[in-house]
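Undergrad: Compact mmCIF, N, CA and C atoms, file upload27.txt:
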# COMPACT_ATOMS: atom_id res chain seq x y z
N MET A 149 86.14 106.78 93.94
CA MET A 149 85.62 105.70 94.73
C MET A 149 86.76 104.96 95.42
N GLN A 150 87.79 104.62 94.68
CA GLN A 150 88.91 103.89 95.26
C GLN A 150 89.61 104.73 96.33
N GLY A 151 89.71 106.05 96.10
CA GLY A 151 90.31 106.94 97.09
C GLY A 151 89.48 107.01 98.36
N THR A 152 88.17 107.01 98.23
CA THR A 152 87.28 107.06 99.39
C THR A 152 87.42 105.80 100.23
N VAL A 153 87.47 104.64 99.59
CA VAL A 153 87.64 103.39 100.32
C VAL A 153 88.98 103.36 101.02
N SER A 154 90.02 103.80 100.32
CA SER A 154 91.36 103.83 100.91
C SER A 154 91.41 104.75 102.13
N ALA A 155 90.82 105.93 102.02
CA ALA A 155 90.80 106.89 103.14
C ALA A 155 90.02 106.32 104.32
N ALA A 156 88.92 105.65 104.05
CA ALA A 156 88.13 105.05 105.13
C ALA A 156 88.93 104.00 105.87
N LEU A 157 89.64 103.17 105.12
CA LEU A 157 90.45 102.12 105.75
C LEU A 157 91.57 102.71 106.60
N GLU A 158 92.11 103.85 106.18
CA GLU A 158 93.16 104.50 106.97
C GLU A 158 92.60 105.07 108.27
N GLN A 159 91.36 105.53 108.26
CA GLN A 159 90.75 106.14 109.44
C GLN A 159 90.18 105.11 110.40
N TRP A 160 89.68 104.01 109.90
CA TRP A 160 89.03 103.01 110.74
C TRP A 160 90.06 102.06 111.32
N GLN A 161 89.75 101.59 112.50
CA GLN A 161 90.55 100.55 113.13
C GLN A 161 90.07 99.20 112.58
N PRO A 162 90.96 98.19 112.54
CA PRO A 162 90.51 96.88 112.06
C PRO A 162 89.42 96.26 112.94
N ARG A 163 89.40 96.69 114.22
CA ARG A 163 88.38 96.20 115.15
C ARG A 163 87.90 97.38 115.97
N GLU A 164 86.61 97.59 115.98
CA GLU A 164 86.00 98.72 116.68
C GLU A 164 84.98 98.20 117.67
N THR A 165 85.11 98.56 118.94
CA THR A 165 84.12 98.20 119.95
C THR A 165 83.05 99.29 119.96
N ILE A 166 81.81 98.91 119.80
CA ILE A 166 80.71 99.86 119.74
C ILE A 166 80.31 100.25 121.16
N VAL A 167 80.13 101.57 121.35
CA VAL A 167 79.72 102.09 122.66
C VAL A 167 78.45 102.91 122.50
N ASP A 168 77.70 103.03 123.61
CA ASP A 168 76.49 103.84 123.58
C ASP A 168 76.85 105.31 123.80
N GLY A 169 75.84 106.15 123.95
CA GLY A 169 76.04 107.58 124.12
C GLY A 169 76.84 107.96 125.35
N GLU A 170 76.87 107.07 126.34
CA GLU A 170 77.61 107.34 127.57
C GLU A 170 79.00 106.70 127.56
N GLY A 171 79.34 106.03 126.47
CA GLY A 171 80.65 105.40 126.37
C GLY A 171 80.71 103.98 126.87
N ASN A 172 79.55 103.41 127.23
CA ASN A 172 79.50 102.03 127.71
C ASN A 172 79.50 101.06 126.52
N PRO A 173 80.29 99.99 126.60
CA PRO A 173 80.28 99.00 125.51
C PRO A 173 78.89 98.40 125.36
N THR A 174 78.46 98.23 124.11
CA THR A 174 77.15 97.65 123.83
C THR A 174 77.22 96.14 123.67
N GLY A 175 78.43 95.60 123.63
CA GLY A 175 78.60 94.17 123.39
C GLY A 175 78.77 93.85 121.92
N GLU A 176 78.72 94.87 121.09
CA GLU A 176 78.89 94.68 119.65
C GLU A 176 80.31 95.06 119.24
N THR A 177 80.85 94.35 118.29
CA THR A 177 82.17 94.65 117.76
C THR A 177 82.07 94.70 116.25
N LEU A 178 82.68 95.70 115.67
CA LEU A 178 82.69 95.89 114.22
C LEU A 178 84.07 95.55 113.71
N PHE A 179 84.15 94.65 112.74
CA PHE A 179 85.42 94.29 112.13
C PHE A 179 85.45 94.86 110.72
N THR A 180 86.50 95.57 110.40
CA THR A 180 86.65 96.16 109.09
C THR A 180 87.77 95.46 108.35
N THR A 181 87.44 94.85 107.24
CA THR A 181 88.48 94.21 106.44
C THR A 181 88.63 94.97 105.13
N GLU A 182 87.76 94.78 104.23
CA GLU A 182 87.80 95.47 102.95
C GLU A 182 86.38 95.81 102.53
N PRO A 183 85.98 97.08 102.72
CA PRO A 183 84.60 97.44 102.37
C PRO A 183 84.37 97.29 100.87
N ARG A 184 83.18 96.84 100.53
CA ARG A 184 82.83 96.71 99.11
C ARG A 184 82.40 98.07 98.60
N SER A 185 82.72 98.32 97.36
CA SER A 185 82.32 99.57 96.73
C SER A 185 81.69 99.25 95.38
N PHE A 186 80.75 100.09 94.99
CA PHE A 186 79.99 99.85 93.76
C PHE A 186 79.90 101.13 92.94
N VAL A 187 79.91 100.96 91.64
CA VAL A 187 79.55 102.02 90.71
C VAL A 187 78.31 101.53 89.99
N VAL A 188 77.23 102.28 90.11
CA VAL A 188 75.98 101.92 89.45
C VAL A 188 75.84 102.84 88.24
N CYS A 189 75.77 102.23 87.06
CA CYS A 189 75.72 103.06 85.85
C CYS A 189 74.99 102.34 84.73
N GLY A 190 74.33 103.10 83.91
CA GLY A 190 73.75 102.57 82.69
C GLY A 190 72.70 101.50 82.87
N SER A 191 72.42 100.83 81.76
CA SER A 191 71.41 99.79 81.72
C SER A 191 71.84 98.75 80.69
N LEU A 192 71.50 97.51 80.93
CA LEU A 192 71.84 96.47 79.95
C LEU A 192 71.14 96.70 78.61
N SER A 193 70.04 97.44 78.64
CA SER A 193 69.33 97.72 77.39
C SER A 193 70.16 98.58 76.44
N GLU A 194 71.21 99.22 76.93
CA GLU A 194 72.08 100.02 76.07
C GLU A 194 72.81 99.14 75.05
N PHE A 195 72.87 97.85 75.28
CA PHE A 195 73.54 96.94 74.36
C PHE A 195 72.58 96.36 73.33
N GLN A 196 71.30 96.69 73.49
CA GLN A 196 70.27 96.19 72.59
C GLN A 196 70.28 97.03 71.32
N ALA A 197 70.49 96.39 70.18
CA ALA A 197 70.41 97.05 68.89
C ALA A 197 69.03 96.77 68.30
N GLU A 198 68.76 97.29 67.13
CA GLU A 198 67.45 97.11 66.51
C GLU A 198 67.10 95.64 66.32
N ARG A 199 68.12 94.82 66.02
CA ARG A 199 67.85 93.40 65.71
C ARG A 199 68.59 92.45 66.65
N GLY A 200 68.79 92.86 67.88
CA GLY A 200 69.44 91.98 68.83
C GLY A 200 70.53 92.69 69.64
N ILE A 201 71.30 91.92 70.38
CA ILE A 201 72.34 92.45 71.25
C ILE A 201 73.59 92.78 70.43
N ASN A 202 74.17 93.93 70.67
CA ASN A 202 75.47 94.27 70.09
C ASN A 202 76.52 93.53 70.92
N GLU A 203 76.89 92.35 70.45
CA GLU A 203 77.76 91.48 71.21
C GLU A 203 79.14 92.08 71.46
N ARG A 204 79.66 92.86 70.53
CA ARG A 204 80.97 93.48 70.70
C ARG A 204 80.96 94.46 71.88
N LYS A 205 79.95 95.30 71.94
CA LYS A 205 79.84 96.26 73.04
C LYS A 205 79.60 95.55 74.38
N PHE A 206 78.68 94.56 74.36
CA PHE A 206 78.37 93.84 75.59
C PHE A 206 79.61 93.10 76.10
N ARG A 207 80.34 92.45 75.22
CA ARG A 207 81.55 91.72 75.61
C ARG A 207 82.58 92.67 76.19
N SER A 208 82.74 93.83 75.56
CA SER A 208 83.70 94.82 76.04
C SER A 208 83.33 95.28 77.45
N PHE A 209 82.06 95.55 77.68
CA PHE A 209 81.58 95.96 79.00
C PHE A 209 81.84 94.87 80.03
N GLU A 210 81.50 93.63 79.70
CA GLU A 210 81.70 92.52 80.63
C GLU A 210 83.18 92.32 80.95
N LEU A 211 84.03 92.39 79.95
CA LEU A 211 85.47 92.24 80.19
C LEU A 211 85.99 93.35 81.10
N TYR A 212 85.53 94.56 80.86
CA TYR A 212 85.97 95.70 81.68
C TYR A 212 85.56 95.50 83.14
N ARG A 213 84.29 95.23 83.37
CA ARG A 213 83.84 95.16 84.76
C ARG A 213 84.33 93.91 85.48
N ARG A 214 84.55 92.83 84.79
CA ARG A 214 85.04 91.62 85.43
C ARG A 214 86.53 91.70 85.76
N ASN A 215 87.23 92.63 85.15
CA ASN A 215 88.65 92.77 85.43
C ASN A 215 88.95 93.87 86.44
N LEU A 216 87.92 94.50 86.94
CA LEU A 216 88.08 95.45 88.05
C LEU A 216 87.93 94.68 89.35
N ILE A 217 88.82 94.92 90.28
CA ILE A 217 88.68 94.28 91.59
C ILE A 217 87.76 95.15 92.46
N ARG A 218 88.04 96.40 92.52
CA ARG A 218 87.25 97.36 93.27
C ARG A 218 87.21 98.65 92.48
N PRO A 219 86.11 99.25 92.25
CA PRO A 219 84.75 98.92 92.69
C PRO A 219 84.09 97.91 91.76
N GLU A 220 82.99 97.34 92.25
CA GLU A 220 82.18 96.46 91.41
C GLU A 220 81.29 97.35 90.56
N VAL A 221 81.20 97.05 89.28
CA VAL A 221 80.37 97.82 88.36
C VAL A 221 79.08 97.04 88.14
N ILE A 222 77.96 97.72 88.33
CA ILE A 222 76.64 97.11 88.17
C ILE A 222 75.73 98.12 87.49
N THR A 223 74.83 97.64 86.66
CA THR A 223 73.89 98.54 85.98
C THR A 223 72.66 98.76 86.87
N PHE A 224 71.92 99.82 86.57
CA PHE A 224 70.73 100.13 87.35
C PHE A 224 69.72 98.99 87.31
N ASP A 225 69.54 98.38 86.13
CA ASP A 225 68.56 97.29 86.05
C ASP A 225 69.03 96.05 86.80
N GLU A 226 70.33 95.79 86.84
CA GLU A 226 70.84 94.67 87.63
C GLU A 226 70.63 94.92 89.12
N LEU A 227 70.86 96.15 89.56
CA LEU A 227 70.64 96.51 90.96
C LEU A 227 69.17 96.36 91.32
N TYR A 228 68.30 96.80 90.42
CA TYR A 228 66.86 96.67 90.65
C TYR A 228 66.47 95.20 90.80
N GLU A 229 66.99 94.34 89.92
CA GLU A 229 66.66 92.92 89.98
C GLU A 229 67.18 92.28 91.26
N ARG A 230 68.37 92.67 91.70
CA ARG A 230 68.90 92.15 92.97
C ARG A 230 67.99 92.55 94.12
N ALA A 231 67.59 93.83 94.14
CA ALA A 231 66.73 94.32 95.22
C ALA A 231 65.37 93.62 95.19
N ARG A 232 64.81 93.44 93.99
CA ARG A 232 63.53 92.76 93.85
C ARG A 232 63.62 91.32 94.35
N PHE A 233 64.69 90.64 94.02
CA PHE A 233 64.91 89.27 94.47
C PHE A 233 64.96 89.21 96.00
N ILE A 234 65.66 90.14 96.61
CA ILE A 234 65.79 90.17 98.08
C ILE A 234 64.43 90.41 98.72
N VAL A 235 63.67 91.37 98.19
CA VAL A 235 62.35 91.69 98.75
C VAL A 235 61.42 90.49 98.60
N GLU A 236 61.42 89.86 97.43
CA GLU A 236 60.54 88.71 97.22
C GLU A 236 60.95 87.54 98.13
N ALA A 237 62.22 87.31 98.30
CA ALA A 237 62.69 86.23 99.17
C ALA A 237 62.28 86.51 100.60
N ASP A 238 62.33 87.78 101.00
CA ASP A 238 61.94 88.15 102.37
C ASP A 238 60.44 87.92 102.56
N ARG A 239 59.65 88.22 101.54
CA ARG A 239 58.19 87.99 101.62
C ARG A 239 57.88 86.52 101.76
N VAL A 240 58.59 85.67 101.02
CA VAL A 240 58.38 84.23 101.09
C VAL A 240 58.77 83.74 102.48
N HIS A 241 59.87 84.26 103.00
CA HIS A 241 60.35 83.87 104.33
C HIS A 241 59.34 84.27 105.40
N ASP A 242 58.74 85.46 105.28
CA ASP A 242 57.78 85.95 106.27
C ASP A 242 56.48 85.15 106.27
N THR A 243 56.09 84.59 105.12
CA THR A 243 54.83 83.85 105.06
C THR A 243 55.01 82.38 105.43
N ALA A 244 56.27 81.95 105.53
CA ALA A 244 56.51 80.54 105.85
C ALA A 244 56.39 80.26 107.33
Please render this file's structure as C-alpha cells.

TA:
Amino acid sequence: MQGTVSAALEQWQPRETIVDGEGNPTGETLFTTEPRSFVVCGSLSEFQAERGINERKFRSFELYRRNLIRPEVITFDELYERARFIVEADRVHDTA
C-alpha cells in the first residue's frame, strides 16, 4: 500500500489541469498533496470474548493502528457504519 501511494505521487504532478477528449481545458484543476490510503481488515467483534471484550487484544490493535500514519487501518464493521452514516445523512439532507 505504501509503495503504491509513493509510486502514484512520483507519477502525478502536484497540479493537474483537466482536459476533455479533444485536449481542451475543462476549467477543473486537480491538486495532489497526499492521497489517503486504507487497509480494511477484520471486525471489532474479533475482540469479543465469551464474557466481554478482551481488553489486551483491543488495546494492542488500537495502539497499532493509531501509530500508523499511512495507511489508515479500519475494520469492515467500522467502514460499514461510516457508509451507513453518510447515506442516512444524505437522506435527511434530501428530505429537508

Undergrad: Work out how far CA of Phe179 in chain A is from CA of Ala155 in chain A, in Å to one decimal.

TA: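 Distance between the two atoms: 16.4 Å.
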
Undergrad: Could you pull out the strand (DSSP E or B) residues of chain A from DSSP and send them as a list in words?

TA: Arg163, Glu164, Thr165, Ile166, Val167, Pro173, Thr174, Gly175, Glu176, Thr177, Leu178, Phe179, Phe186, Val187, Val188, Gln196, Ala197, Gly200, Ile201, Glu220, Val221 and Ile222 of chain A

Undergrad: Counting only C-alpha atoms, which of A:Gln161, A:Glu226, A:Asn172, A:Arg214 gets nearest to Ser193 in chain A?

TA: A:Glu226

Undergrad: Around the point (77.8, 98.3, 91.1) in the file's coordinates, collect all residues with an atom within 8 Å, using only C-alpha atoms, and return them as an mmCIF file with N, CA and C atoms, in the frame of the given file.

TA:
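Below you can see result-v9.cif, which holds the result:
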data_model
loop_
_atom_site.group_PDB
_atom_site.id
_atom_site.type_symbol
_atom_site.label_atom_id
_atom_site.label_comp_id
_atom_site.auth_asym_id
_atom_site.auth_seq_id
_atom_site.Cartn_x
_atom_site.Cartn_y
_atom_site.Cartn_z
ATOM 1 N N SER A 185 82.720 98.320 97.360
ATOM 2 C CA SER A 185 82.320 99.570 96.730
ATOM 3 C C SER A 185 81.690 99.250 95.380
ATOM 4 N N PHE A 186 80.750 100.090 94.990
ATOM 5 C CA PHE A 186 79.990 99.850 93.760
ATOM 6 C C PHE A 186 79.900 101.130 92.940
ATOM 7 N N VAL A 187 79.910 100.960 91.640
ATOM 8 C CA VAL A 187 79.550 102.020 90.710
ATOM 9 C C VAL A 187 78.310 101.530 89.990
ATOM 10 N N VAL A 188 77.230 102.280 90.110
ATOM 11 C CA VAL A 188 75.980 101.920 89.450
ATOM 12 C C VAL A 188 75.840 102.840 88.240
ATOM 13 N N CYS A 189 75.770 102.230 87.060
ATOM 14 C CA CYS A 189 75.720 103.060 85.850
ATOM 15 C C CYS A 189 74.990 102.340 84.730
ATOM 16 N N PRO A 219 86.110 99.250 92.250
ATOM 17 C CA PRO A 219 84.750 98.920 92.690
ATOM 18 C C PRO A 219 84.090 97.910 91.760
ATOM 19 N N GLU A 220 82.990 97.340 92.250
ATOM 20 C CA GLU A 220 82.180 96.460 91.410
ATOM 21 C C GLU A 220 81.290 97.350 90.560
ATOM 22 N N VAL A 221 81.200 97.050 89.280
ATOM 23 C CA VAL A 221 80.370 97.820 88.360
ATOM 24 C C VAL A 221 79.080 97.040 88.140
ATOM 25 N N ILE A 222 77.960 97.720 88.330
ATOM 26 C CA ILE A 222 76.640 97.110 88.170
ATOM 27 C C ILE A 222 75.730 98.120 87.490
ATOM 28 N N THR A 223 74.830 97.640 86.660
ATOM 29 C CA THR A 223 73.890 98.540 85.980
ATOM 30 C C THR A 223 72.660 98.760 86.870
ATOM 31 N N LEU A 227 70.860 96.150 89.560
ATOM 32 C CA LEU A 227 70.640 96.510 90.960
ATOM 33 C C LEU A 227 69.170 96.360 91.320
#

Undergrad: How many Å lie between CA of Glu182 in chain A and CA of Glu210 in chain A, rounded to one decimal?

TA: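 Taking CA of Glu182 in chain A as the start and CA of Glu210 in chain A as the end point, the length is 23.3 Å.
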
Undergrad: To one decimal place, how far is CA of Tyr228 in chain A from CA of Arg204 in chain A in Å?

TA: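 Answer for the CA of Tyr228 in chain A to CA of Arg204 in chain A separation: 24.6 Å.
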
Undergrad: Among the residues of chain A, find those DSSP assigns to helix (DSSP H, G or I) from the backbone and print them as a ChimeraX atom specification.

TA: /A:150-159,192-195,203-214,224-243

Undergrad: In terms of the shortest atom-to-atom distance over only C-alpha atoms, which of A:Asp225, A:Val167, A:Ile217, A:Gly175 is closest to Gly190 in chain A?

TA: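 Using only C-alpha atoms, Gly190 in chain A sits closest to A:Asp225.
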
Undergrad: Using all atoms listed in the file, which residues sit within 6.5 Å of Leu178 in chain A once same-chain residues fewer than 2 positions away are excluded, as JSON, numbers by chain?

TA: {"A": [162, 163, 164, 165, 166, 176, 180]}

Undergrad: When you get a chance, write out N, CA, C and O atoms for range 198-222 of chain A, as an mmCIF file, in the coordinates of the input.

TA:
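selection.cif was written with the following content:
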data_model
loop_
_atom_site.group_PDB
_atom_site.id
_atom_site.type_symbol
_atom_site.label_atom_id
_atom_site.label_comp_id
_atom_site.auth_asym_id
_atom_site.auth_seq_id
_atom_site.Cartn_x
_atom_site.Cartn_y
_atom_site.Cartn_z
ATOM 1 N N GLU A 198 68.760 97.290 67.130
ATOM 2 C CA GLU A 198 67.450 97.110 66.510
ATOM 3 C C GLU A 198 67.100 95.640 66.320
ATOM 4 O O GLU A 198 65.960 95.230 66.494
ATOM 5 N N ARG A 199 68.120 94.820 66.020
ATOM 6 C CA ARG A 199 67.850 93.400 65.710
ATOM 7 C C ARG A 199 68.590 92.450 66.650
ATOM 8 O O ARG A 199 68.961 91.365 66.273
ATOM 9 N N GLY A 200 68.790 92.860 67.880
ATOM 10 C CA GLY A 200 69.440 91.980 68.830
ATOM 11 C C GLY A 200 70.530 92.690 69.640
ATOM 12 O O GLY A 200 70.668 93.911 69.570
ATOM 13 N N ILE A 201 71.300 91.920 70.380
ATOM 14 C CA ILE A 201 72.340 92.450 71.250
ATOM 15 C C ILE A 201 73.590 92.780 70.430
ATOM 16 O O ILE A 201 74.024 91.968 69.613
ATOM 17 N N ASN A 202 74.170 93.930 70.670
ATOM 18 C CA ASN A 202 75.470 94.270 70.090
ATOM 19 C C ASN A 202 76.520 93.530 70.920
ATOM 20 O O ASN A 202 76.923 93.975 71.988
ATOM 21 N N GLU A 203 76.890 92.350 70.450
ATOM 22 C CA GLU A 203 77.760 91.480 71.210
ATOM 23 C C GLU A 203 79.140 92.080 71.460
ATOM 24 O O GLU A 203 79.742 91.854 72.507
ATOM 25 N N ARG A 204 79.660 92.860 70.530
ATOM 26 C CA ARG A 204 80.970 93.480 70.700
ATOM 27 C C ARG A 204 80.960 94.460 71.880
ATOM 28 O O ARG A 204 81.826 94.425 72.742
ATOM 29 N N LYS A 205 79.950 95.300 71.940
ATOM 30 C CA LYS A 205 79.840 96.260 73.040
ATOM 31 C C LYS A 205 79.600 95.550 74.380
ATOM 32 O O LYS A 205 80.191 95.899 75.391
ATOM 33 N N PHE A 206 78.680 94.560 74.360
ATOM 34 C CA PHE A 206 78.370 93.840 75.590
ATOM 35 C C PHE A 206 79.610 93.100 76.100
ATOM 36 O O PHE A 206 79.919 93.139 77.290
ATOM 37 N N ARG A 207 80.340 92.450 75.220
ATOM 38 C CA ARG A 207 81.550 91.720 75.610
ATOM 39 C C ARG A 207 82.580 92.670 76.190
ATOM 40 O O ARG A 207 83.215 92.386 77.204
ATOM 41 N N SER A 208 82.740 93.830 75.560
ATOM 42 C CA SER A 208 83.700 94.820 76.040
ATOM 43 C C SER A 208 83.330 95.280 77.450
ATOM 44 O O SER A 208 84.197 95.389 78.338
ATOM 45 N N PHE A 209 82.060 95.550 77.680
ATOM 46 C CA PHE A 209 81.580 95.960 79.000
ATOM 47 C C PHE A 209 81.840 94.870 80.030
ATOM 48 O O PHE A 209 82.351 95.132 81.131
ATOM 49 N N GLU A 210 81.500 93.630 79.700
ATOM 50 C CA GLU A 210 81.700 92.520 80.630
ATOM 51 C C GLU A 210 83.180 92.320 80.950
ATOM 52 O O GLU A 210 83.537 92.095 82.104
ATOM 53 N N LEU A 211 84.030 92.390 79.950
ATOM 54 C CA LEU A 211 85.470 92.240 80.190
ATOM 55 C C LEU A 211 85.990 93.350 81.100
ATOM 56 O O LEU A 211 86.801 93.109 81.997
ATOM 57 N N TYR A 212 85.530 94.560 80.860
ATOM 58 C CA TYR A 212 85.970 95.700 81.680
ATOM 59 C C TYR A 212 85.560 95.500 83.140
ATOM 60 O O TYR A 212 86.389 95.564 84.041
ATOM 61 N N ARG A 213 84.290 95.230 83.370
ATOM 62 C CA ARG A 213 83.840 95.160 84.760
ATOM 63 C C ARG A 213 84.330 93.910 85.480
ATOM 64 O O ARG A 213 84.535 93.923 86.681
ATOM 65 N N ARG A 214 84.550 92.830 84.790
ATOM 66 C CA ARG A 214 85.040 91.620 85.430
ATOM 67 C C ARG A 214 86.530 91.700 85.760
ATOM 68 O O ARG A 214 87.028 90.923 86.573
ATOM 69 N N ASN A 215 87.230 92.630 85.150
ATOM 70 C CA ASN A 215 88.650 92.770 85.430
ATOM 71 C C ASN A 215 88.950 93.870 86.440
ATOM 72 O O ASN A 215 90.113 94.130 86.744
ATOM 73 N N LEU A 216 87.920 94.500 86.940
ATOM 74 C CA LEU A 216 88.080 95.450 88.050
ATOM 75 C C LEU A 216 87.930 94.680 89.350
ATOM 76 O O LEU A 216 87.009 93.877 89.497
ATOM 77 N N ILE A 217 88.820 94.920 90.280
ATOM 78 C CA ILE A 217 88.680 94.280 91.590
ATOM 79 C C ILE A 217 87.760 95.150 92.460
ATOM 80 O O ILE A 217 86.832 94.670 93.074
ATOM 81 N N ARG A 218 88.040 96.400 92.520
ATOM 82 C CA ARG A 218 87.250 97.360 93.270
ATOM 83 C C ARG A 218 87.210 98.650 92.480
ATOM 84 O O ARG A 218 88.254 99.114 92.060
ATOM 85 N N PRO A 219 86.110 99.250 92.250
ATOM 86 C CA PRO A 219 84.750 98.920 92.690
ATOM 87 C C PRO A 219 84.090 97.910 91.760
ATOM 88 O O PRO A 219 84.538 97.672 90.639
ATOM 89 N N GLU A 220 82.990 97.340 92.250
ATOM 90 C CA GLU A 220 82.180 96.460 91.410
ATOM 91 C C GLU A 220 81.290 97.350 90.560
ATOM 92 O O GLU A 220 80.701 98.316 91.043
ATOM 93 N N VAL A 221 81.200 97.050 89.280
ATOM 94 C CA VAL A 221 80.370 97.820 88.360
ATOM 95 C C VAL A 221 79.080 97.040 88.140
ATOM 96 O O VAL A 221 79.098 95.857 87.820
ATOM 97 N N ILE A 222 77.960 97.720 88.330
ATOM 98 C CA ILE A 222 76.640 97.110 88.170
ATOM 99 C C ILE A 222 75.730 98.120 87.490
ATOM 100 O O ILE A 222 75.859 99.322 87.711
#
